[in-house]
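Visitor: My structure is below; once you've seen it, I'll send some questions.
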Amino acid sequence: MTSSSTGKPDTSTGKPGTVPVQARPGRSGLNRTVKLVAGALLALVIVWIAAAGSNHLLGLATVALMFGAISGAWAMAGGLGGLFSLGHAAFFGIGAYTTAFLFAGHGVSPWLGMVAGVVLAAVFGACTTWLSVRFRVRGSYFALVTLAWAEMLRVIVSNVTPLGRSNGILVPYKAEPTFADLQFSDPRAYYALAVLYAVVVTVIFMVVKRTRFGWRLSAVRGDEDAAAASGVDVRRVLVAVMALSAAVTAAGGTLYVQYMQFIDPELAFSPTVSIDIAIRAVIGGPMVALGPLAGSGAMTTMTEWLKMSVSDSPAMNVLLFGVAVILAGRYFRNGLAGIGASALQWIGRRKERHDGS
Amino acid sequence: MTEADVVLRAVGVHVAFGGLRAVDNVDLEVRRGELLAIVGPNGAGKTTLFNVLAGALRPTKGSVLLDGEDITRQPSHRRAKAGISRTFQHVRPFLDETVLRNVAVAALANGHRRAAADTRAAELLERVGLGGRLGKRAGELGLGERKRLELARALALEPKVLLLDEVMAGLNPVEVQRIGELLQEIRRVTSVNIVLIEHLLKVVHTLADRVVVLDAGAVLVEGTPAAVFRDERVIEAYLGRKYAAS
């Protein structure tokens, strides 16, 4: 027994700030520097593209940012919550279709469409996740169930006439678009919007991770029974995180459809979209706020580079991504972010040894 | 014994897994201020009964009452908040989290904010002798340390009843001694009631006020440690008929 253990009964409420700083995870100096440097680099690339990029590059970067941010939304559930979803196309598609349907068919502002899509997606995410958690469907089975939900939506939408069946919906471009129409004549405006969306998603991710909700979430990810025994309402936490992830994803769907001005069941709901969303986070690091964005940048860069230098065949791309994902799964569980962290640890150890000798 | 003296009560609890009766009509009471030990041969239904008390398992029949209130239908997390906390037979810390966070997340259940939860967790970890380990990942701890970590996590809920499922199992004599002293200190310092599943009869002898022996899912004998371990039926259940006769 240590001296402080001879204290009074368990009535103390505790005062903040008495815990040694190094005991708090994610607060070590090295870790912090890495994050700052990575963030600064990313910001630099983003600004440089806006200032000096061609329209082609700008277009690529806009989509990379949108999907990187959507992947960040995925990572809230798939990374922080441990709910590996292969059905995020459902939420993306709900956002895109709700907006397009209301705007093209009824002239409703996409901003309102975004709100409607966000609410619908959150409800859909909450209900489907509640069912999976209730019936203890987890792991690979959870992933398969989410895939099935998205496929179900794809088939339904392909057969509903007001939604354009398999032809999809063409979003009309207004001759003189206003901000309320979420359409712009300057591609830089879409780009700025994508940056803003990415920033918002990143901030939400960081807030989720650091709050009490995030603590509970990571306990649930670690061990659901032990979390429940620690007073955590497992079902509520998982349903909540999926609802949030779905809502943020749907907002990305709105931005995407206003930018592309077209949506069809394949673009919205196909498994390819779900995999694309998940894979960017897996490659970049699903536990780190900037991981999905970094992964998205890497993936878009790689796709373009392969197109130019190796082969135009999409099969080649898929093949190489397969290899990248296998490598990430085997050696770099935390994606690019994990690689960065290991590299820095290695440098740190070397420096220590060097200083010590 | 009035009703007010009973903190936790199980009434006619049955648990059946298919055709197997794991727990068969068990009545159990945990009296205020006591340390109750539950012993019995492997497969006697001790852990199953614990799971019923903690809410991890719903009984086929029967009910569980905490301070007179029926909590049979409350899920684990509600019971954890209401005052029943438990450790696991096979320790289950959150391996990727720090030692501090493992305990702090349970302290949130009392409505603490993050900083207060950290402080509370640090105090409890100091008490169980893990004060120097706050920033380590729980996965890096040895078994003895993990057991003490789970104890701190269970205490962070500020429970009325602490259910300890073989906290000594797999530990060396020094660690057993240490946890024994720890439990005695916890009893001195707090008003928590402890229910212990334990195989080490020596430990039960020194720590327990009362012992309940389970065999084949039913209560065989209950009483003081001295009386229980002299009982022929208990010796027979543990060692077989031949030894009981001699």
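Ligands are numbered from 1 in the order shown, chains are lettered A, B, ... in the order of the structure tokens, and residues start at 1 in each chain.
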Give me, as a VMD selection string, the residues of chain B touching chain A, with the criterion being at most 6 Å (counting only C-alpha atoms).

Guide: chain B and resid 76 to 77 80 to 81 94 106 109 115 to 116 119 to 120 127 134 to 135 189 to 190

Visitor: Could those residues be written to a file, using N, CA and C atoms, as a short mmCIF file (atom, residue, chain, number, x, y, z; two decimals), in the first residue's frame?

Guide:
```
data_model
loop_
_atom_site.label_atom_id
_atom_site.label_comp_id
_atom_site.auth_asym_id
_atom_site.auth_seq_id
_atom_site.Cartn_x
_atom_site.Cartn_y
_atom_site.Cartn_z
N SER B 76 -26.96 -4.97 -18.14
CA SER B 76 -25.71 -4.81 -17.40
C SER B 76 -25.37 -3.36 -17.08
N HIS B 77 -25.43 -2.49 -18.11
CA HIS B 77 -24.93 -1.13 -17.89
C HIS B 77 -25.78 -0.37 -16.88
N ALA B 80 -24.75 -1.63 -13.53
CA ALA B 80 -23.45 -1.07 -13.17
C ALA B 80 -23.64 0.31 -12.56
N LYS B 81 -24.56 1.07 -13.14
CA LYS B 81 -24.83 2.41 -12.60
C LYS B 81 -25.59 2.33 -11.29
N PHE B 94 -9.55 -3.15 -21.36
CA PHE B 94 -9.51 -2.63 -22.73
C PHE B 94 -8.04 -2.55 -23.13
N ALA B 106 -14.99 4.00 -16.70
CA ALA B 106 -16.01 3.51 -15.76
C ALA B 106 -16.42 4.62 -14.80
N ALA B 109 -19.48 6.81 -15.45
CA ALA B 109 -20.82 6.34 -15.14
C ALA B 109 -21.42 7.09 -13.95
N ALA B 115 -11.95 15.32 -16.77
CA ALA B 115 -10.83 15.60 -15.88
C ALA B 115 -11.06 14.96 -14.51
N ALA B 116 -12.29 15.07 -14.02
CA ALA B 116 -12.61 14.49 -12.72
C ALA B 116 -12.51 12.97 -12.77
N THR B 119 -8.92 12.01 -12.57
CA THR B 119 -8.40 12.15 -11.21
C THR B 119 -8.86 11.00 -10.33
N ARG B 120 -10.16 10.70 -10.44
CA ARG B 120 -10.73 9.60 -9.66
C ARG B 120 -10.03 8.29 -10.00
N ARG B 127 -4.42 3.29 -5.29
CA ARG B 127 -4.84 2.42 -4.19
C ARG B 127 -4.56 0.94 -4.49
N LEU B 134 0.08 4.51 -15.00
CA LEU B 134 -1.09 5.17 -15.60
C LEU B 134 -1.03 5.29 -17.12
N GLY B 135 0.15 5.59 -17.66
CA GLY B 135 0.25 5.85 -19.09
C GLY B 135 0.53 4.62 -19.94
N VAL B 189 -12.19 0.75 4.18
CA VAL B 189 -12.29 2.14 3.74
C VAL B 189 -13.65 2.49 3.15
N THR B 190 -14.30 1.52 2.51
CA THR B 190 -15.59 1.80 1.87
C THR B 190 -16.67 0.93 2.50
#
```

Visitor: Got a sec to tell me which of range 32-94 of chain A DSSP assigns to alpha helix (DSSP H), as a ChimeraX atom specification?

Guide: /A:32-52,55-75,89-94

Visitor: Excluding Glu140 in chain B and its own-chain neighbours fewer than 5 positions away, which residues fall within 10 Å of it when counting only C-alpha atoms? Please give them as number ranges by chain.

Guide: B: 95-96, 98-99, 133, 145-146

Visitor: Dump N, CA, C and O atoms for the selected residues as a tab-separated table (two decimals), in the first residue's frame?

Guide:
```
chain	number	residue	atom	x	y	z
B	95	LEU	N	-7.59	-3.55	-23.89
B	95	LEU	CA	-6.16	-3.75	-24.09
B	95	LEU	C	-5.43	-2.58	-24.75
B	95	LEU	O	-4.29	-2.30	-24.43
B	96	ASP	N	-6.12	-1.90	-25.69
B	96	ASP	CA	-5.43	-0.84	-26.43
B	96	ASP	C	-5.45	0.50	-25.71
B	96	ASP	O	-4.85	1.47	-26.16
B	98	THR	N	-4.96	3.11	-22.35
B	98	THR	CA	-4.03	3.23	-21.23
B	98	THR	C	-4.70	2.70	-19.97
B	98	THR	O	-5.92	2.56	-19.90
B	99	VAL	N	-3.85	2.41	-18.99
B	99	VAL	CA	-4.33	1.95	-17.70
B	99	VAL	C	-5.30	2.98	-17.11
B	99	VAL	O	-6.38	2.66	-16.62
B	133	ARG	N	1.75	3.20	-13.29
B	133	ARG	CA	1.51	2.59	-14.59
B	133	ARG	C	0.47	3.33	-15.42
B	133	ARG	O	0.00	2.79	-16.43
B	145	GLU	N	-1.31	-7.65	-12.50
B	145	GLU	CA	-1.63	-6.23	-12.66
B	145	GLU	C	-2.98	-6.05	-13.33
B	145	GLU	O	-3.75	-5.16	-13.00
B	146	ARG	N	-3.27	-6.91	-14.32
B	146	ARG	CA	-4.57	-6.80	-14.99
B	146	ARG	C	-5.71	-7.06	-14.02
B	146	ARG	O	-6.76	-6.43	-14.09
```

Visitor: List the neighbours of Glu222 in chain B out to 8 Å using only C-alpha atoms; skip same-chain residues closer than 4 positions along the sequence, and give me the result as a PyMOL selection string.

Guide: chain B and resi 210-213+228

Visitor: Each residue of range 118-168 of chain B lying at most 12 Å from range 28-50 of chain B should get a row with its shortest atom-to-atom pair and the distance in Å to one decimal, counting only C-alpha atoms; could you produce that, ordered by chain and increasing number, as CSV?

Guide:
```
residue,atom,partner,partner_atom,distance
B:Lys160,CA,B:Arg32,CA,9.3
B:Val161,CA,B:Val30,CA,8.5
B:Leu162,CA,B:Leu35,CA,9.7
B:Leu163,CA,B:Phe50,CA,7.3
B:Leu164,CA,B:Phe50,CA,8.8
B:Asp165,CA,B:Thr47,CA,7.1
B:Glu166,CA,B:Thr47,CA,9.4
```

Visitor: Given the selection you just returned, output its residues as a file containing C-alpha atoms, formatted as a PDB file, in the first residue's frame.

Guide:
```pdb
ATOM      1  CA  LYS B 160     -22.894  -1.187  -3.463  1.00  0.00           C
ATOM      2  CA  VAL B 161     -21.976  -4.745  -4.384  1.00  0.00           C
ATOM      3  CA  LEU B 162     -18.701  -5.880  -5.883  1.00  0.00           C
ATOM      4  CA  LEU B 163     -18.813  -9.241  -7.659  1.00  0.00           C
ATOM      5  CA  LEU B 164     -15.332 -10.728  -7.948  1.00  0.00           C
ATOM      6  CA  ASP B 165     -15.035 -13.787 -10.156  1.00  0.00           C
ATOM      7  CA  GLU B 166     -11.827 -15.609  -9.195  1.00  0.00           C
TER       8      GLU B 166
END
```

Visitor: Write out as a ChimeraX atom specification the residues lying within 12 Å of Arg178 in chain B, counting only C-alpha atoms and excluding same-chain residues fewer than 2 positions away.

Guide: /A:1 /B:127-129,144-145,147-148,167-168,171-176,180-185,203

Visitor: Show me, as a list of chain:residue names, the residues that have an atom within 9 Å of Ile94 in chain A when counting only C-alpha atoms, minus same-chain residues fewer than 2 positions from it.

Guide: A:Ala89, A:Ala90, A:Phe91, A:Phe92, A:Ala96, A:Tyr97, A:Thr98, A:Thr99, A:Gly117, A:Val118, A:Leu120, A:Ala121, A:Leu153, A:Ala250, A:Gly253, A:Thr254, A:Ala268, A:Phe269

Visitor: Keeping only all heavy atoms, take the residues you just selected and write them out as a compact mmCIF listing (two decimals), in the first residue's frame.

Guide:
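Okay, selection_3.txt is ready:
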```
# COMPACT_ATOMS: atom_id res chain seq x y z
N ALA A 89 -22.57 3.66 -48.98
CA ALA A 89 -23.21 4.19 -50.19
C ALA A 89 -24.68 4.49 -49.91
O ALA A 89 -25.26 5.41 -50.49
CB ALA A 89 -23.07 3.19 -51.33
N ALA A 90 -25.28 3.73 -49.00
CA ALA A 90 -26.69 3.96 -48.67
C ALA A 90 -26.89 5.40 -48.19
O ALA A 90 -27.79 6.10 -48.65
CB ALA A 90 -27.14 2.98 -47.60
N PHE A 91 -26.02 5.85 -47.28
CA PHE A 91 -26.17 7.19 -46.70
C PHE A 91 -25.80 8.27 -47.72
O PHE A 91 -26.45 9.29 -47.84
CB PHE A 91 -25.30 7.33 -45.45
CG PHE A 91 -25.46 6.17 -44.50
CD1 PHE A 91 -24.34 5.55 -43.95
CD2 PHE A 91 -26.72 5.70 -44.17
CE1 PHE A 91 -24.49 4.48 -43.08
CE2 PHE A 91 -26.87 4.63 -43.30
CZ PHE A 91 -25.75 4.02 -42.76
N PHE A 92 -24.72 7.99 -48.45
CA PHE A 92 -24.28 8.89 -49.52
C PHE A 92 -25.41 9.05 -50.54
O PHE A 92 -25.78 10.17 -50.92
CB PHE A 92 -23.03 8.29 -50.19
CG PHE A 92 -22.57 9.00 -51.42
CD1 PHE A 92 -21.90 10.20 -51.34
CD2 PHE A 92 -22.80 8.44 -52.67
CE1 PHE A 92 -21.47 10.85 -52.49
CE2 PHE A 92 -22.36 9.07 -53.82
CZ PHE A 92 -21.70 10.28 -53.73
N ALA A 96 -27.62 12.32 -51.69
CA ALA A 96 -27.59 12.78 -53.08
C ALA A 96 -28.99 12.75 -53.70
O ALA A 96 -29.43 13.73 -54.32
CB ALA A 96 -26.63 11.90 -53.89
N TYR A 97 -29.69 11.65 -53.51
CA TYR A 97 -31.02 11.51 -54.14
C TYR A 97 -32.05 12.47 -53.54
O TYR A 97 -32.86 13.04 -54.26
CB TYR A 97 -31.52 10.07 -54.03
CG TYR A 97 -31.33 9.30 -55.31
CD1 TYR A 97 -30.25 8.46 -55.49
CD2 TYR A 97 -32.23 9.46 -56.37
CE1 TYR A 97 -30.06 7.77 -56.67
CE2 TYR A 97 -32.05 8.78 -57.57
CZ TYR A 97 -30.97 7.94 -57.71
OH TYR A 97 -30.78 7.27 -58.89
N THR A 98 -32.02 12.61 -52.21
CA THR A 98 -32.99 13.51 -51.57
C THR A 98 -32.81 14.92 -52.13
O THR A 98 -33.77 15.59 -52.51
CB THR A 98 -32.78 13.52 -50.05
OG1 THR A 98 -32.81 12.17 -49.59
CG2 THR A 98 -33.86 14.31 -49.35
N THR A 99 -31.55 15.36 -52.19
CA THR A 99 -31.26 16.69 -52.68
C THR A 99 -31.68 16.85 -54.15
O THR A 99 -32.38 17.80 -54.51
CB THR A 99 -29.75 16.98 -52.57
OG1 THR A 99 -29.34 16.66 -51.25
CG2 THR A 99 -29.45 18.42 -52.87
N GLY A 117 -31.90 15.16 -46.34
CA GLY A 117 -31.08 13.97 -46.58
C GLY A 117 -30.35 13.53 -45.32
O GLY A 117 -30.28 12.33 -45.00
N VAL A 118 -29.84 14.52 -44.58
CA VAL A 118 -29.11 14.22 -43.35
C VAL A 118 -30.02 13.52 -42.35
O VAL A 118 -29.66 12.50 -41.76
CB VAL A 118 -28.52 15.53 -42.75
CG1 VAL A 118 -28.19 15.36 -41.28
CG2 VAL A 118 -27.28 15.95 -43.54
N LEU A 120 -32.88 11.90 -42.97
CA LEU A 120 -33.26 10.57 -43.47
C LEU A 120 -32.14 9.55 -43.26
O LEU A 120 -32.37 8.43 -42.80
CB LEU A 120 -33.58 10.65 -44.97
CG LEU A 120 -35.01 10.97 -45.37
CD1 LEU A 120 -35.12 11.05 -46.88
CD2 LEU A 120 -35.94 9.87 -44.83
N ALA A 121 -30.92 9.95 -43.61
CA ALA A 121 -29.78 9.03 -43.51
C ALA A 121 -29.52 8.64 -42.05
O ALA A 121 -29.24 7.48 -41.74
CB ALA A 121 -28.54 9.65 -44.12
N LEU A 153 -31.49 -0.59 -51.26
CA LEU A 153 -31.86 0.77 -51.70
C LEU A 153 -31.60 0.94 -53.19
O LEU A 153 -32.39 1.55 -53.90
CB LEU A 153 -31.06 1.82 -50.91
CG LEU A 153 -31.44 2.02 -49.46
CD1 LEU A 153 -30.68 3.21 -48.88
CD2 LEU A 153 -32.94 2.24 -49.31
N ALA A 250 -24.27 11.80 -45.61
CA ALA A 250 -25.34 12.30 -46.47
C ALA A 250 -25.09 13.73 -46.91
O ALA A 250 -25.35 14.10 -48.07
CB ALA A 250 -26.68 12.19 -45.74
N GLY A 253 -23.06 13.63 -49.78
CA GLY A 253 -23.85 13.24 -50.96
C GLY A 253 -24.49 14.46 -51.62
O GLY A 253 -24.51 14.58 -52.85
N THR A 254 -24.99 15.36 -50.80
CA THR A 254 -25.58 16.61 -51.32
C THR A 254 -24.54 17.41 -52.12
O THR A 254 -24.80 17.82 -53.26
CB THR A 254 -26.10 17.47 -50.16
OG1 THR A 254 -27.16 16.79 -49.52
CG2 THR A 254 -26.58 18.83 -50.67
N ALA A 268 -24.81 6.20 -56.95
CA ALA A 268 -25.19 6.48 -55.57
C ALA A 268 -25.02 5.27 -54.66
O ALA A 268 -24.44 5.38 -53.59
CB ALA A 268 -26.63 6.96 -55.53
N PHE A 269 -25.52 4.13 -55.09
CA PHE A 269 -25.69 3.02 -54.15
C PHE A 269 -24.84 1.78 -54.42
O PHE A 269 -24.93 0.82 -53.67
CB PHE A 269 -27.17 2.58 -54.13
CG PHE A 269 -28.11 3.63 -53.61
CD1 PHE A 269 -29.01 4.27 -54.45
CD2 PHE A 269 -28.09 3.99 -52.27
CE1 PHE A 269 -29.88 5.23 -53.97
CE2 PHE A 269 -28.97 4.95 -51.78
CZ PHE A 269 -29.86 5.57 -52.63
```

Visitor: Interatomic distance between CA of Leu193 in chain A and CA of Pro177 in chain A?

Guide: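 CA of Pro177 in chain A lies at a distance of 15.1 Å from CA of Leu193 in chain A.
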
Visitor: Just list as a ChimeraX atom specification whatever in range 5-227 of chain B DSSP marks as strand (DSSP E).

Guide: /B:6-17,20-31,35-39,61-66,69-70,84-86,161-165,193-197,210-215,218-223

Visitor: Pick out the closest residue to Arg188 in chain A from this set: A:Leu41, A:Ala69, A:Val47, A:Ile347. Count only C-alpha atoms.

Guide: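 Among the listed residues, A:Val47 lies closest to Arg188 in chain A.
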
Visitor: In terms of the shortest atom-to-atom distance over only C-alpha atoms, which of B:Thr224, B:Gln89, B:Asn102, B:Thr72 is closest to Val204 in chain B?

Guide: B:Thr224

Visitor: Identify, on the basis of only C-alpha atoms, every residue whose closest approach to range 5-17 of chain B does not exceed 8 Å; exclude the query and any residue fewer than 2 positions from it along the same chain; express the result as a ChimeraX atom specification.

Guide: /B:1-3,19-32,48,53,58-68,160-161

Visitor: Atoms to include: N, CA and C atoms. Write the selected residues as a CSV table (one decimal), in the first residue's frame.

Guide:
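This went into selection.csv:
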```csv
chain,number,residue,atom,x,y,z
B,1,MET,N,-32.9,-11.3,10.8
B,1,MET,CA,-32.5,-10.7,9.5
B,1,MET,C,-33.6,-10.0,8.9
B,2,THR,N,-33.7,-8.6,8.9
B,2,THR,CA,-34.8,-7.9,8.3
B,2,THR,C,-34.4,-7.6,6.8
B,3,GLU,N,-35.4,-7.2,6.1
B,3,GLU,CA,-35.2,-7.0,4.7
B,3,GLU,C,-34.2,-5.9,4.4
B,19,GLY,N,-31.3,-28.2,-22.5
B,19,GLY,CA,-31.7,-29.1,-21.5
B,19,GLY,C,-30.9,-29.1,-20.3
B,20,LEU,N,-29.8,-28.3,-20.3
B,20,LEU,CA,-28.9,-28.3,-19.1
B,20,LEU,C,-29.3,-27.2,-18.1
B,21,ARG,N,-29.5,-27.7,-16.9
B,21,ARG,CA,-29.9,-26.7,-15.8
B,21,ARG,C,-28.6,-26.2,-15.2
B,22,ALA,N,-28.1,-25.1,-15.6
B,22,ALA,CA,-26.8,-24.6,-15.0
B,22,ALA,C,-27.0,-24.0,-13.6
B,23,VAL,N,-28.2,-23.4,-13.4
B,23,VAL,CA,-28.5,-22.9,-12.1
B,23,VAL,C,-30.0,-23.3,-11.8
B,24,ASP,N,-30.1,-23.9,-10.6
B,24,ASP,CA,-31.4,-24.6,-10.4
B,24,ASP,C,-32.0,-24.1,-9.1
B,25,ASN,N,-33.0,-23.2,-9.2
B,25,ASN,CA,-33.7,-22.8,-8.0
B,25,ASN,C,-32.8,-22.3,-6.9
B,26,VAL,N,-32.0,-21.3,-7.2
B,26,VAL,CA,-31.1,-20.8,-6.2
B,26,VAL,C,-31.6,-19.5,-5.5
B,27,ASP,N,-31.6,-19.6,-4.2
B,27,ASP,CA,-31.9,-18.4,-3.4
B,27,ASP,C,-30.6,-17.9,-2.8
B,28,LEU,N,-30.4,-16.6,-2.8
B,28,LEU,CA,-29.1,-16.1,-2.3
B,28,LEU,C,-29.3,-14.8,-1.7
B,29,GLU,N,-28.7,-14.5,-0.6
B,29,GLU,CA,-28.8,-13.1,-0.1
B,29,GLU,C,-27.4,-12.6,0.3
B,30,VAL,N,-27.2,-11.4,-0.1
B,30,VAL,CA,-25.9,-10.7,0.3
B,30,VAL,C,-26.3,-9.7,1.4
B,31,ARG,N,-25.8,-9.9,2.6
B,31,ARG,CA,-26.2,-9.1,3.7
B,31,ARG,C,-25.3,-7.9,3.8
B,32,ARG,N,-25.8,-6.8,4.3
B,32,ARG,CA,-25.1,-5.6,4.4
B,32,ARG,C,-23.8,-5.7,5.2
B,48,THR,N,-22.2,-18.6,-13.8
B,48,THR,CA,-23.6,-18.4,-14.4
B,48,THR,C,-24.4,-17.5,-13.5
B,53,LEU,N,-26.6,-12.1,-11.7
B,53,LEU,CA,-26.6,-11.0,-10.7
B,53,LEU,C,-26.2,-9.7,-11.4
B,58,ARG,N,-30.0,-13.2,-18.6
B,58,ARG,CA,-31.4,-13.1,-18.0
B,58,ARG,C,-31.7,-14.5,-17.5
B,59,PRO,N,-32.2,-14.7,-16.3
B,59,PRO,CA,-32.6,-16.0,-15.8
B,59,PRO,C,-33.8,-16.5,-16.5
B,60,THR,N,-33.9,-17.9,-16.6
B,60,THR,CA,-35.1,-18.5,-17.2
B,60,THR,C,-36.3,-18.3,-16.3
B,61,LYS,N,-36.0,-18.4,-15.0
B,61,LYS,CA,-37.1,-18.1,-14.0
B,61,LYS,C,-36.4,-17.4,-12.8
B,62,GLY,N,-37.2,-16.8,-12.0
B,62,GLY,CA,-36.7,-16.2,-10.7
B,62,GLY,C,-36.4,-14.7,-10.9
B,63,SER,N,-36.0,-14.0,-9.8
B,63,SER,CA,-35.7,-12.6,-9.9
B,63,SER,C,-34.5,-12.2,-9.1
B,64,VAL,N,-34.0,-11.0,-9.3
B,64,VAL,CA,-32.9,-10.4,-8.6
B,64,VAL,C,-33.3,-9.1,-8.1
B,65,LEU,N,-33.1,-8.9,-6.8
B,65,LEU,CA,-33.5,-7.6,-6.2
B,65,LEU,C,-32.3,-6.9,-5.6
B,66,LEU,N,-32.2,-5.6,-5.9
B,66,LEU,CA,-31.1,-4.8,-5.3
B,66,LEU,C,-31.8,-3.8,-4.3
B,67,ASP,N,-31.5,-3.8,-3.1
B,67,ASP,CA,-32.1,-3.0,-2.1
B,67,ASP,C,-33.6,-3.1,-2.2
B,68,GLY,N,-34.1,-4.2,-2.4
B,68,GLY,CA,-35.6,-4.5,-2.5
B,68,GLY,C,-36.2,-4.2,-3.8
B,160,LYS,N,-22.4,-0.7,-4.7
B,160,LYS,CA,-22.9,-1.2,-3.5
B,160,LYS,C,-22.4,-2.6,-3.3
B,161,VAL,N,-22.4,-3.3,-4.4
B,161,VAL,CA,-22.0,-4.7,-4.4
B,161,VAL,C,-20.9,-5.0,-5.4
```

Visitor: For the atom pair CA of Tyr141 in chain A and CA of Gly78 in chain A, what is the interatomic distance in Å to one decimal place?

Guide: 13.9 Å
